[in-house]
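Novice: Dropping in run-v1.txt, with compact mmCIF, C-alpha atoms.
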# COMPACT_ATOMS: atom_id res chain seq x y z
CA MET A 1 -1.99 13.55 -29.11
CA THR A 2 -1.31 10.66 -26.79
CA THR A 3 1.55 8.35 -27.78
CA LEU A 4 2.42 5.09 -26.06
CA TYR A 5 6.03 3.99 -26.35
CA GLY A 6 5.95 0.25 -25.95
CA TYR A 7 6.74 -3.20 -27.28
CA PHE A 8 4.18 -5.87 -28.08
CA ARG A 9 5.51 -8.40 -25.56
CA SER A 10 6.26 -5.98 -22.71
CA SER A 11 3.89 -6.87 -19.86
CA ALA A 12 4.07 -3.34 -18.52
CA ALA A 13 3.17 -1.77 -21.90
CA TYR A 14 0.40 -4.37 -22.27
CA ARG A 15 -1.08 -3.12 -18.96
CA VAL A 16 -1.22 0.45 -20.24
CA ARG A 17 -2.77 -0.64 -23.55
CA ILE A 18 -5.57 -2.36 -21.61
CA ALA A 19 -6.13 0.72 -19.43
CA LEU A 20 -6.24 3.06 -22.45
CA ASN A 21 -8.70 0.74 -24.20
CA LEU A 22 -10.94 0.35 -21.13
CA LYS A 23 -11.10 4.14 -20.89
CA GLY A 24 -11.91 4.35 -24.60
CA LEU A 25 -8.94 6.64 -25.31
CA GLU A 26 -7.31 7.00 -28.71
CA TYR A 27 -3.52 6.75 -28.88
CA ASP A 28 -0.63 6.36 -31.26
CA GLN A 29 2.05 3.75 -30.70
CA ALA A 30 5.78 4.35 -30.91
CA LEU A 31 7.49 0.98 -31.13
CA VAL A 32 10.63 0.33 -29.08
CA ASN A 33 12.27 -2.99 -29.90
CA LEU A 34 13.34 -4.40 -26.53
CA VAL A 35 15.09 -7.42 -27.99
CA MET A 36 17.25 -5.10 -30.11
CA GLY A 37 17.94 -3.01 -26.99
CA GLU A 38 16.42 0.21 -28.34
CA GLN A 39 15.14 1.08 -24.85
CA ARG A 40 18.75 1.43 -23.70
CA GLY A 41 19.87 3.65 -26.58
CA ASP A 42 20.53 7.38 -26.22
CA ALA A 43 17.41 8.40 -28.17
CA PHE A 44 15.04 6.60 -25.83
CA ARG A 45 17.03 7.38 -22.68
CA ALA A 46 16.62 11.07 -23.52
CA LEU A 47 12.87 10.49 -23.11
CA ASN A 48 13.13 8.09 -20.16
CA PRO A 49 16.40 7.74 -18.24
CA GLN A 50 15.08 4.45 -16.82
CA GLY A 51 15.51 2.84 -20.24
CA LEU A 52 12.18 1.07 -19.76
CA VAL A 53 8.86 0.97 -21.54
CA PRO A 54 6.08 1.95 -21.28
CA LEU A 55 6.30 5.71 -21.59
CA LEU A 56 3.16 7.71 -22.26
CA SER A 57 3.57 11.06 -23.97
CA ILE A 58 0.50 13.22 -23.35
CA ASP A 59 -1.01 16.34 -24.97
CA ASP A 60 1.31 18.97 -23.47
CA GLY A 61 4.50 16.97 -24.07
CA THR A 62 4.67 15.56 -20.53
CA HIS A 63 6.20 12.10 -20.36
CA LEU A 64 4.75 9.65 -17.89
CA THR A 65 6.61 6.49 -16.89
CA GLN A 66 5.96 3.35 -14.81
CA SER A 67 2.86 1.46 -15.86
CA LEU A 68 0.94 1.63 -12.57
CA ALA A 69 1.59 5.35 -12.24
CA ILE A 70 0.31 5.80 -15.80
CA CYS A 71 -2.84 3.78 -15.04
CA GLU A 72 -3.53 5.85 -11.90
CA TYR A 73 -3.08 9.00 -13.98
CA LEU A 74 -5.60 7.75 -16.54
CA GLU A 75 -7.98 6.89 -13.70
CA GLU A 76 -7.73 10.40 -12.26
CA ARG A 77 -8.08 12.22 -15.57
CA TYR A 78 -10.71 9.94 -17.11
CA PRO A 79 -12.71 8.47 -14.21
CA GLU A 80 -15.17 6.46 -16.33
CA PRO A 81 -15.33 3.52 -16.39
CA PRO A 82 -13.51 3.22 -13.04
CA LEU A 83 -10.44 1.03 -12.65
CA LEU A 84 -10.67 1.25 -8.85
CA PRO A 85 -13.64 0.89 -6.45
CA ILE A 86 -14.85 3.85 -4.35
CA ASP A 87 -14.24 2.58 -0.81
CA PRO A 88 -10.63 3.16 0.39
CA ALA A 89 -10.20 -0.37 1.81
CA GLU A 90 -11.50 -1.88 -1.43
CA ARG A 91 -9.19 0.38 -3.44
CA ALA A 92 -6.35 -0.87 -1.24
CA ARG A 93 -7.31 -4.47 -1.99
CA VAL A 94 -7.29 -3.87 -5.75
CA ARG A 95 -3.97 -2.05 -5.58
CA ALA A 96 -2.48 -4.84 -3.43
CA LEU A 97 -3.53 -7.49 -5.96
CA ALA A 98 -2.05 -5.37 -8.75
CA GLN A 99 1.18 -4.89 -6.82
CA LEU A 100 1.43 -8.56 -5.97
CA VAL A 101 1.96 -8.99 -9.72
CA ALA A 102 3.82 -5.74 -10.41
CA CYS A 103 6.17 -5.78 -7.40
CA GLU A 104 6.55 -9.48 -6.53
CA ILE A 105 6.37 -11.45 -9.77
CA HIS A 106 7.01 -9.37 -12.86
CA PRO A 107 10.20 -7.55 -11.75
CA LEU A 108 11.90 -10.91 -11.28
CA ASN A 109 10.96 -12.32 -14.66
CA ASN A 110 11.61 -9.30 -16.79
CA LEU A 111 13.77 -9.51 -19.92
CA ARG A 112 16.68 -7.65 -18.31
CA ILE A 113 16.72 -10.06 -15.35
CA LEU A 114 16.63 -13.14 -17.56
CA LYS A 115 19.51 -11.65 -19.57
CA TYR A 116 21.53 -11.16 -16.37
CA LEU A 117 20.88 -14.78 -15.38
CA VAL A 118 22.16 -16.03 -18.72
CA HIS A 119 24.99 -13.60 -19.51
CA GLU A 120 26.37 -12.77 -16.05
CA LEU A 121 25.46 -15.84 -13.98
CA LYS A 122 25.85 -18.25 -16.92
CA LEU A 123 22.65 -20.12 -16.08
CA ASP A 124 21.56 -22.75 -18.57
CA ASP A 125 18.05 -22.90 -19.99
CA ASP A 126 16.75 -25.28 -17.32
CA ALA A 127 17.97 -23.12 -14.45
CA LYS A 128 16.55 -19.99 -16.09
CA LEU A 129 13.17 -21.68 -16.53
CA ALA A 130 13.25 -22.94 -12.93
CA TRP A 131 13.87 -19.37 -11.76
CA TYR A 132 11.01 -18.06 -13.89
CA ARG A 133 8.57 -20.70 -12.72
CA HIS A 134 9.58 -20.41 -9.06
CA TRP A 135 8.43 -16.77 -8.87
CA ILE A 136 5.28 -17.48 -10.86
CA THR A 137 4.41 -20.28 -8.41
CA GLU A 138 5.14 -18.16 -5.33
CA GLY A 139 3.08 -15.27 -6.64
CA PHE A 140 0.19 -17.18 -8.19
CA ASP A 141 -0.18 -19.43 -5.10
CA ALA A 142 -0.71 -16.28 -3.02
CA LEU A 143 -2.96 -14.65 -5.61
CA GLU A 144 -5.15 -17.73 -6.02
CA ALA A 145 -5.51 -17.96 -2.21
CA MET A 146 -6.48 -14.29 -1.94
CA LEU A 147 -8.94 -14.48 -4.85
CA SER A 148 -10.55 -17.64 -3.42
CA ARG A 149 -10.67 -16.53 0.19
CA GLU A 150 -11.59 -12.86 0.04
CA ALA A 151 -15.17 -11.67 -0.26
CA GLY A 152 -14.32 -8.92 -2.75
CA SER A 153 -13.56 -11.34 -5.62
CA GLY A 154 -16.12 -11.84 -8.36
CA ASP A 155 -16.06 -12.52 -12.09
CA PHE A 156 -12.97 -10.33 -12.04
CA CYS A 157 -10.29 -9.88 -9.38
CA HIS A 158 -12.57 -7.45 -7.58
CA GLY A 159 -16.29 -7.51 -8.27
CA ASP A 160 -17.80 -7.94 -11.69
CA ALA A 161 -15.88 -5.45 -13.82
CA PRO A 162 -12.19 -5.15 -14.68
CA THR A 163 -9.93 -3.16 -12.35
CA LEU A 164 -6.25 -2.34 -12.08
CA ALA A 165 -5.74 -5.85 -10.67
CA ASP A 166 -6.99 -7.53 -13.86
CA ILE A 167 -4.92 -5.10 -15.91
CA CYS A 168 -1.82 -6.54 -14.21
CA LEU A 169 -2.96 -10.15 -14.06
CA VAL A 170 -3.73 -10.69 -17.76
CA PRO A 171 -0.24 -9.76 -19.06
CA GLN A 172 1.39 -11.85 -16.32
CA VAL A 173 -0.63 -14.91 -17.32
CA TYR A 174 0.23 -14.29 -20.98
CA ASN A 175 3.88 -14.21 -19.99
CA ALA A 176 3.61 -17.36 -17.83
CA GLU A 177 2.01 -19.21 -20.72
CA ARG A 178 4.85 -18.17 -23.02
CA PHE A 179 7.21 -19.84 -20.56
CA GLU A 180 4.93 -22.90 -20.45
CA CYS A 181 4.12 -22.64 -16.76
CA ASP A 182 1.55 -25.14 -15.53
CA LEU A 183 -1.43 -23.05 -14.41
CA SER A 184 -3.78 -25.96 -13.63
CA ALA A 185 -3.55 -25.23 -9.89
CA TYR A 186 -5.08 -21.77 -10.44
CA PRO A 187 -8.71 -22.22 -11.55
CA ARG A 188 -9.80 -18.88 -10.14
CA ILE A 189 -7.04 -16.99 -11.93
CA ARG A 190 -7.81 -18.80 -15.18
CA ARG A 191 -11.54 -18.07 -14.93
CA ILE A 192 -10.91 -14.36 -14.34
CA VAL A 193 -8.46 -14.16 -17.23
CA ALA A 194 -10.99 -15.89 -19.51
CA ASN A 195 -13.57 -13.27 -18.52
CA CYS A 196 -11.09 -10.53 -19.38
CA HIS A 197 -10.28 -12.06 -22.77
CA ALA A 198 -13.99 -11.90 -23.62
CA GLN A 199 -13.77 -8.10 -23.57
CA GLU A 200 -12.71 -6.09 -26.60
CA ALA A 201 -10.46 -3.78 -24.55
CA PHE A 202 -8.34 -6.78 -23.57
CA GLN A 203 -8.46 -8.39 -27.01
CA GLN A 204 -7.23 -5.24 -28.73
CA ALA A 205 -4.43 -4.82 -26.19
CA ALA A 206 -3.08 -8.35 -26.67
CA PRO A 207 0.51 -8.69 -27.91
CA GLY A 208 -0.61 -10.54 -31.04
CA ALA A 209 -2.85 -7.62 -32.04
CA GLN A 210 -0.03 -5.02 -32.01
CA PRO A 211 1.69 -3.61 -35.11
CA ASP A 212 5.10 -4.92 -34.01
CA ALA A 213 3.87 -8.47 -33.26
CA SER A 214 6.13 -11.12 -34.75
CA MET B 1 -6.55 -0.07 16.87
CA THR B 2 -4.10 -0.02 14.00
CA THR B 3 -1.41 -2.69 14.06
CA LEU B 4 1.54 -2.86 11.70
CA TYR B 5 3.00 -6.32 11.14
CA GLY B 6 6.60 -5.71 10.17
CA TYR B 7 10.28 -6.27 10.75
CA PHE B 8 12.80 -3.58 11.55
CA ARG B 9 14.96 -4.17 8.46
CA SER B 10 12.14 -4.73 5.97
CA SER B 11 12.27 -1.84 3.48
CA ALA B 12 8.59 -2.23 2.73
CA ALA B 13 7.59 -2.09 6.42
CA TYR B 14 9.94 0.89 6.84
CA ARG B 15 7.98 2.72 4.11
CA VAL B 16 4.70 2.21 5.96
CA ARG B 17 6.23 3.33 9.27
CA ILE B 18 7.32 6.59 7.62
CA ALA B 19 3.85 7.13 6.11
CA LEU B 20 2.09 6.46 9.43
CA ASN B 21 4.45 8.86 11.19
CA LEU B 22 4.08 11.59 8.56
CA LYS B 23 0.31 11.33 8.97
CA GLY B 24 0.69 11.49 12.75
CA LEU B 25 -1.14 8.19 13.28
CA GLU B 26 -0.73 5.99 16.35
CA TYR B 27 -0.10 2.29 15.78
CA ASP B 28 0.99 -0.87 17.51
CA GLN B 29 3.67 -3.08 16.05
CA ALA B 30 3.46 -6.86 15.68
CA LEU B 31 6.95 -8.16 15.02
CA VAL B 32 7.51 -10.80 12.37
CA ASN B 33 11.06 -12.16 12.33
CA LEU B 34 11.93 -12.47 8.64
CA VAL B 35 15.30 -14.07 9.26
CA MET B 36 13.61 -16.82 11.31
CA GLY B 37 11.07 -17.23 8.49
CA GLU B 38 8.03 -16.35 10.59
CA GLN B 39 6.41 -14.64 7.57
CA ARG B 40 6.19 -18.03 5.88
CA GLY B 41 4.63 -19.87 8.83
CA ASP B 42 0.97 -20.90 8.95
CA ALA B 43 0.05 -18.30 11.58
CA PHE B 44 1.17 -15.37 9.44
CA ARG B 45 0.02 -16.91 6.14
CA ALA B 46 -3.48 -17.08 7.64
CA LEU B 47 -3.33 -13.28 7.81
CA ASN B 48 -1.47 -12.76 4.52
CA PRO B 49 -1.19 -15.61 2.01
CA GLN B 50 1.66 -13.68 0.35
CA GLY B 51 3.90 -14.46 3.32
CA LEU B 52 5.22 -10.91 3.18
CA VAL B 53 5.36 -7.92 5.48
CA PRO B 54 4.07 -5.29 5.91
CA LEU B 55 0.49 -6.01 6.77
CA LEU B 56 -1.64 -3.29 8.31
CA SER B 57 -4.58 -4.38 10.43
CA ILE B 58 -7.08 -1.52 10.75
CA ASP B 59 -9.97 -0.70 13.09
CA ASP B 60 -12.62 -3.05 11.66
CA GLY B 61 -10.26 -6.02 11.32
CA THR B 62 -9.52 -5.42 7.64
CA HIS B 63 -6.02 -6.49 6.63
CA LEU B 64 -4.19 -4.37 4.09
CA THR B 65 -1.10 -5.65 2.27
CA GLN B 66 1.53 -4.29 -0.14
CA SER B 67 3.29 -1.19 1.14
CA LEU B 68 2.36 1.20 -1.68
CA ALA B 69 -1.30 0.16 -1.51
CA ILE B 70 -1.21 0.79 2.25
CA CYS B 71 0.36 4.24 1.75
CA GLU B 72 -2.31 5.17 -0.83
CA TYR B 73 -4.99 4.00 1.62
CA LEU B 74 -3.52 6.22 4.34
CA GLU B 75 -3.41 9.11 1.88
CA GLU B 76 -7.09 8.67 1.01
CA ARG B 77 -8.31 8.25 4.58
CA TYR B 78 -6.03 10.85 6.18
CA PRO B 79 -5.30 13.46 3.49
CA GLU B 80 -3.16 15.76 5.66
CA PRO B 81 -0.29 16.27 5.27
CA PRO B 82 -0.45 15.08 1.65
CA LEU B 83 1.93 12.41 0.36
CA LEU B 84 0.98 13.21 -3.25
CA PRO B 85 0.63 16.54 -5.11
CA ILE B 86 -2.76 17.70 -6.42
CA ASP B 87 -2.11 17.85 -10.18
CA PRO B 88 -2.56 14.45 -11.91
CA ALA B 89 0.68 14.69 -13.94
CA GLU B 90 2.63 15.63 -10.81
CA ARG B 91 1.01 12.76 -8.91
CA ALA B 92 2.09 10.47 -11.75
CA ARG B 93 5.66 11.74 -11.44
CA VAL B 94 5.76 11.03 -7.70
CA ARG B 95 4.25 7.59 -8.17
CA ALA B 96 6.73 6.82 -10.98
CA LEU B 97 9.69 7.77 -8.77
CA ALA B 98 8.25 5.61 -5.97
CA GLN B 99 7.72 2.71 -8.36
CA LEU B 100 11.19 3.04 -9.83
CA VAL B 101 12.34 1.97 -6.36
CA ALA B 102 9.45 -0.36 -5.49
CA CYS B 103 9.15 -2.17 -8.84
CA GLU B 104 12.66 -1.96 -10.36
CA ILE B 105 15.16 -2.07 -7.49
CA HIS B 106 13.74 -3.44 -4.26
CA PRO B 107 12.06 -6.61 -5.64
CA LEU B 108 15.42 -7.80 -6.95
CA ASN B 109 17.32 -7.26 -3.72
CA ASN B 110 14.79 -8.60 -1.26
CA LEU B 111 15.79 -11.20 1.34
CA ARG B 112 13.94 -14.02 -0.44
CA ILE B 113 15.77 -13.29 -3.72
CA LEU B 114 19.17 -13.19 -2.06
CA LYS B 115 18.33 -16.51 -0.39
CA TYR B 116 17.46 -18.03 -3.77
CA LEU B 117 20.76 -16.79 -5.21
CA VAL B 118 22.72 -18.43 -2.39
CA HIS B 119 20.74 -21.63 -1.77
CA GLU B 120 19.43 -22.51 -5.23
CA LEU B 121 21.95 -20.91 -7.57
CA LYS B 122 24.92 -21.48 -5.17
CA LEU B 123 26.29 -17.99 -5.71
CA ASP B 124 29.21 -17.00 -3.53
CA ASP B 125 29.29 -13.76 -1.54
CA ASP B 126 31.03 -11.79 -4.28
CA ALA B 127 28.51 -12.78 -6.93
CA LYS B 128 25.62 -12.03 -4.58
CA LEU B 129 27.03 -8.59 -3.81
CA ALA B 130 27.63 -7.94 -7.53
CA TRP B 131 23.96 -8.78 -8.20
CA TYR B 132 22.82 -6.48 -5.40
CA ARG B 133 24.96 -3.58 -6.53
CA HIS B 134 24.10 -4.03 -10.21
CA TRP B 135 20.41 -3.32 -9.59
CA ILE B 136 21.16 -0.44 -7.22
CA THR B 137 23.37 1.13 -9.90
CA GLU B 138 20.80 0.64 -12.67
CA GLY B 139 18.03 2.11 -10.55
CA PHE B 140 19.91 4.93 -8.86
CA ASP B 141 21.52 6.05 -12.15
CA ALA B 142 18.01 6.52 -13.54
CA LEU B 143 16.67 8.12 -10.38
CA GLU B 144 19.56 10.57 -10.09
CA ALA B 145 19.07 11.55 -13.74
CA MET B 146 15.35 12.12 -13.25
CA LEU B 147 15.83 14.09 -10.02
CA SER B 148 18.52 16.26 -11.62
CA ARG B 149 16.76 16.83 -14.92
CA GLU B 150 13.12 17.26 -14.00
CA ALA B 151 11.66 20.58 -12.88
CA GLY B 152 9.51 19.00 -10.15
CA SER B 153 12.47 18.10 -7.92
CA GLY B 154 13.22 20.22 -4.86
CA ASP B 155 14.59 19.65 -1.38
CA PHE B 156 12.70 16.36 -1.62
CA CYS B 157 12.03 14.11 -4.62
CA HIS B 158 9.10 16.33 -5.55
CA GLY B 159 8.95 19.86 -4.23
CA ASP B 160 9.85 20.85 -0.71
CA ALA B 161 7.97 18.33 1.42
CA PRO B 162 8.17 14.54 1.64
CA THR B 163 6.02 12.46 -0.71
CA LEU B 164 5.50 8.81 -1.49
CA ALA B 165 8.74 8.95 -3.53
CA ASP B 166 10.84 9.88 -0.49
CA ILE B 167 9.03 7.22 1.54
CA CYS B 168 10.40 4.64 -0.91
CA LEU B 169 13.81 6.22 -1.43
CA VAL B 170 14.95 6.44 2.19
CA PRO B 171 14.59 2.69 2.98
CA GLN B 172 16.28 1.81 -0.31
CA VAL B 173 19.27 3.98 0.52
CA TYR B 174 19.41 2.48 4.03
CA ASN B 175 19.47 -0.94 2.42
CA ALA B 176 22.14 0.04 -0.14
CA GLU B 177 24.34 1.37 2.65
CA ARG B 178 24.01 -1.92 4.54
CA PHE B 179 25.40 -3.62 1.45
CA GLU B 180 28.16 -1.01 1.27
CA CYS B 181 27.17 0.35 -2.14
CA ASP B 182 29.15 3.36 -3.27
CA LEU B 183 26.63 6.22 -3.49
CA SER B 184 29.12 8.99 -4.31
CA ALA B 185 27.75 9.30 -7.85
CA TYR B 186 24.33 10.28 -6.48
CA PRO B 187 24.64 13.70 -4.82
CA ARG B 188 21.02 14.60 -5.45
CA ILE B 189 19.73 11.39 -3.90
CA ARG B 190 22.04 11.83 -0.90
CA ARG B 191 20.94 15.43 -0.34
CA ILE B 192 17.26 14.46 -0.41
CA VAL B 193 17.81 11.56 1.97
CA ALA B 194 19.68 13.89 4.36
CA ASN B 195 16.70 16.26 4.28
CA CYS B 196 14.40 13.36 5.11
CA HIS B 197 16.58 12.21 8.01
CA ALA B 198 16.25 15.68 9.54
CA GLN B 199 12.53 15.00 10.07
CA GLU B 200 11.21 13.23 13.15
CA ALA B 201 8.78 11.08 11.13
CA PHE B 202 11.73 9.53 9.30
CA GLN B 203 13.94 9.28 12.40
CA GLN B 204 11.28 7.41 14.36
CA ALA B 205 10.65 5.03 11.46
CA ALA B 206 14.32 4.06 11.10
CA PRO B 207 15.22 0.39 11.60
CA GLY B 208 17.49 1.20 14.56
CA ALA B 209 14.60 2.87 16.39
CA GLN B 210 12.32 -0.19 16.28
CA PRO B 211 11.64 -2.55 19.19
CA ASP B 212 13.04 -5.56 17.31
CA ALA B 213 16.26 -3.81 16.21
CA SER B 214 19.32 -5.95 16.81
As C-alpha cells, what does this structure read like?

Specialist:
Amino acid sequence: MTTLYGYFRSSAAYRVRIALNLKGLEYDQALVNLVMGEQRGDAFRALNPQGLVPLLSIDDGTHLTQSLAICEYLEERYPEPPLLPIDPAERARVRALAQLVACEIHPLNNLRILKYLVHELKLDDDAKLAWYRHWITEGFDALEAMLSREAGSGDFCHGDAPTLADICLVPQVYNAERFECDLSAYPRIRRIVANCHAQEAFQQAAPGAQPDAS
Amino acid sequence: MTTLYGYFRSSAAYRVRIALNLKGLEYDQALVNLVMGEQRGDAFRALNPQGLVPLLSIDDGTHLTQSLAICEYLEERYPEPPLLPIDPAERARVRALAQLVACEIHPLNNLRILKYLVHELKLDDDAKLAWYRHWITEGFDALEAMLSREAGSGDFCHGDAPTLADICLVPQVYNAERFECDLSAYPRIRRIVANCHAQEAFQQAAPGAQPDAS
C-alpha cells in the first residue's frame, strides 16, 4: 500500500497529491500536523531525518522524500499520463519552471523560515509579509516572463496538459493567495492555474479537500 | 558550441561544471559577475528572466536554466558515465539527497538572501552568520543521518561513484567552509567530499580553478 505522509497546507505535500491523482494512483494519507511540530518529533524523524513532509511510503516499505524526487519516481514507475515531455530540452524547460518555484520561491516562504523570522529575528507581521511577498514577486515576475515569452507555453506551463511545472505552480499560487499577494500582474500564471483547477486531479488534491483541513 | 554562463563562487554553476566534467563535455564559459550584479542587468535578463546563473546555452541556441534541470538534461543526452542509478527507488534516493541541498539549504544561503538580510532587515554580521549556520546545521544534520543510516551510501552519497547528490554536496560544503561552519559533526559528509576532491572532474570544477577566480 502507498501512504503519503503530509499536511493539508504543505505545498510540497500538495504537489505529491496532485501527481498521485494525475497518475490515477490510490493512496492512504498519514497526517502530520506541522503547526503542532509533529514533523520534528522522534516518531516522524525515525521515518525521515529531514523532519519534513511529504514522505511517500511505497509497497516494499521504502520511504521516499523530497516532493520533486517523489514526482520523478512516480513518472518513471507509472509513465502514463506523462508529467514530462519526451524531448530532453523540453523536459529541461519543464523541470526549470518547476525548480523556479521549488528552489527559488517556496524554500524562502516555508513555515520553518517564517518561524525563524518571527522567533529568532523578531520581525513584526509587516516585515514578515514584506519578506514573503518579495520572494513571490521576484519568482512570479520571472515565471510570468518565461511563460509569456517562450514558445513551449500553452494552456498549461508547457503545452496543453499538466506537467511537473503546473504541479509546483498551483500550490505556490494557493500559498501566495493565503498571504494575500496581489497577483494581478500575472495573467498568464492565473490563466494556467484556472485551467488546472478545472481538472479533478487538482481539485481532489486541494488543501480544503483533505481530511485534516481546518 | 556549449557555453556555461556562471560565476566562480556560484554553488549552482559549480554543480553544472562538475556534471559537464564528469560527462567529459567541452564547454566555453561566459562570466557573469554576481557581486557586480551583472545577473540582474538587462543583457543577462534577456537570456534568463530569472536573473540567475547558471545558464547553459547549447548547440541550437536553446538556453537551459536551473542547475538540477541542466544536470538531468546532460544525463539524458549523454548517459555515460551515469549520474543516477538505474532502479527508480535508488534514483529517487539520489534526487532526494540532491534536493535536500538544493531545496532546503542552498536557497536560504544564496547571495541574494544574504543581501536582503543585511540591506532590508539590517542584520549585523553576527546575525547573518547565525542565519547561515542555522540552515547548514539543519540540513547537514539530516544529510549525515541519511548517509549514515541508509544502505545505499558508499564511498560517495550513493554507491561508489559520484552522482547528482555529490554534485550538489561538494559546492555546499565549499560554501559552508567559506562561512567557517564547523563540520566536525559530519564525518560521513567530509569523507565523501574528500573522495570527490580526489577526482579530476571535481578539481577542475572548483571555484579556485575558474578564469574569474579572485

Novice: Using only C-alpha atoms, determine which residues lie at most 10 Å from B:Arg188, disregarding the query and same-chain residues fewer than 6 positions distant; provide the list as an NGL selection string.

Specialist: :B and (143-148 or 153-157 or 194)

Novice: Using all atoms listed in the file, which protein or nucleic acid residues come within 9 Å of A:Ala209? Drop anything in the same chain fewer than 5 positions from it, and give the result as JSON, numbers by chain.

Specialist: {"A": [8, 203, 204]}

Novice: Which residue gives the smallest distance to A:Ala130 among B:Tyr116, B:Pro207, B:Glu180, B:Tyr186, with all atoms listed in the file counted?

Specialist: B:Tyr116

Novice: Using all atoms listed in the file, find the residues of chain A whose closest atom to chain B is at most 6 Å away, then write them as a list of chain:residue names.

Specialist: A:Pro49, A:Gln50, A:Thr65, A:Gln66, A:Ala69, A:Tyr73, A:Pro88, A:Ala92, A:Arg95, A:Ala96, A:Cys103, A:Ala142

Novice: Between B:Ile86, B:Leu55, B:Leu169, B:Ala30, which is the closest to B:Asn195 once you count all atoms listed in the file?

Specialist: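 Once distances to B:Asn195 are computed over all atoms listed in the file, the minimum belongs to B:Leu169.
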
Novice: Of the candidates B:Leu25, B:Ala165, B:Met36, B:Val53, which shows the shortest atom-to-atom distance to B:Thr2, using only C-alpha atoms?

Specialist: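 Among B:Leu25, B:Ala165, B:Met36, B:Val53, it is B:Leu25 that comes nearest to B:Thr2.
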
Novice: With all atoms listed in the file as the basis for distance, which of B:Pro85, B:Gly61, B:Glu200, B:Leu47 is at the shortest distance from B:Gly152?

Specialist: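 The answer is B:Pro85, which sits nearest to B:Gly152.
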
Novice: Pick the closest to B:Arg133 from B:Asn175, B:Gln39, B:Gln210, B:Thr163: which is it, counting all atoms listed in the file?

Specialist: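 Checking each of B:Asn175, B:Gln39, B:Gln210, B:Thr163 against B:Arg133, counting all atoms listed in the file, the winner is B:Asn175.
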
Novice: In Å to one decimal, how far is atom CA of A:Leu111 from atom CA of B:Leu129?

Specialist: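 Here the two named atoms are 20.9 Å from each other.
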
Novice: Please, could all heavy atoms be added to stretch 139-144 of chain B and the result written as a compact mmCIF listing (two decimals), in the frame of the given file?

Specialist:
# COMPACT_ATOMS: atom_id res chain seq x y z
N GLY B 139 19.17 1.33 -11.03
CA GLY B 139 18.03 2.11 -10.55
C GLY B 139 18.42 3.50 -10.12
O GLY B 139 17.75 4.49 -10.47
N PHE B 140 19.50 3.61 -9.37
CA PHE B 140 19.91 4.93 -8.86
C PHE B 140 20.46 5.82 -9.98
O PHE B 140 20.30 7.04 -9.92
CB PHE B 140 20.92 4.80 -7.71
CG PHE B 140 20.28 4.48 -6.37
CD1 PHE B 140 18.92 4.21 -6.26
CD2 PHE B 140 21.03 4.49 -5.19
CE1 PHE B 140 18.33 3.92 -5.02
CE2 PHE B 140 20.45 4.22 -3.95
CZ PHE B 140 19.10 3.94 -3.87
N ASP B 141 21.11 5.24 -10.99
CA ASP B 141 21.52 6.05 -12.15
C ASP B 141 20.31 6.75 -12.75
O ASP B 141 20.34 7.94 -13.07
CB ASP B 141 22.17 5.16 -13.22
CG ASP B 141 23.62 4.80 -12.90
OD1 ASP B 141 24.14 5.25 -11.87
OD2 ASP B 141 24.23 4.04 -13.70
N ALA B 142 19.23 5.97 -12.93
CA ALA B 142 18.01 6.52 -13.54
C ALA B 142 17.37 7.55 -12.61
O ALA B 142 16.95 8.64 -13.05
CB ALA B 142 17.02 5.41 -13.85
N LEU B 143 17.32 7.23 -11.34
CA LEU B 143 16.67 8.12 -10.38
C LEU B 143 17.44 9.44 -10.26
O LEU B 143 16.84 10.52 -10.27
CB LEU B 143 16.61 7.41 -9.01
CG LEU B 143 15.70 8.00 -7.97
CD1 LEU B 143 14.25 8.03 -8.43
CD2 LEU B 143 15.79 7.18 -6.67
N GLU B 144 18.75 9.35 -10.18
CA GLU B 144 19.56 10.57 -10.09
C GLU B 144 19.35 11.44 -11.32
O GLU B 144 19.22 12.67 -11.22
CB GLU B 144 21.05 10.21 -9.94
CG GLU B 144 22.00 11.38 -9.76
CD GLU B 144 21.99 11.99 -8.35
OE1 GLU B 144 21.40 11.40 -7.43
OE2 GLU B 144 22.58 13.08 -8.19
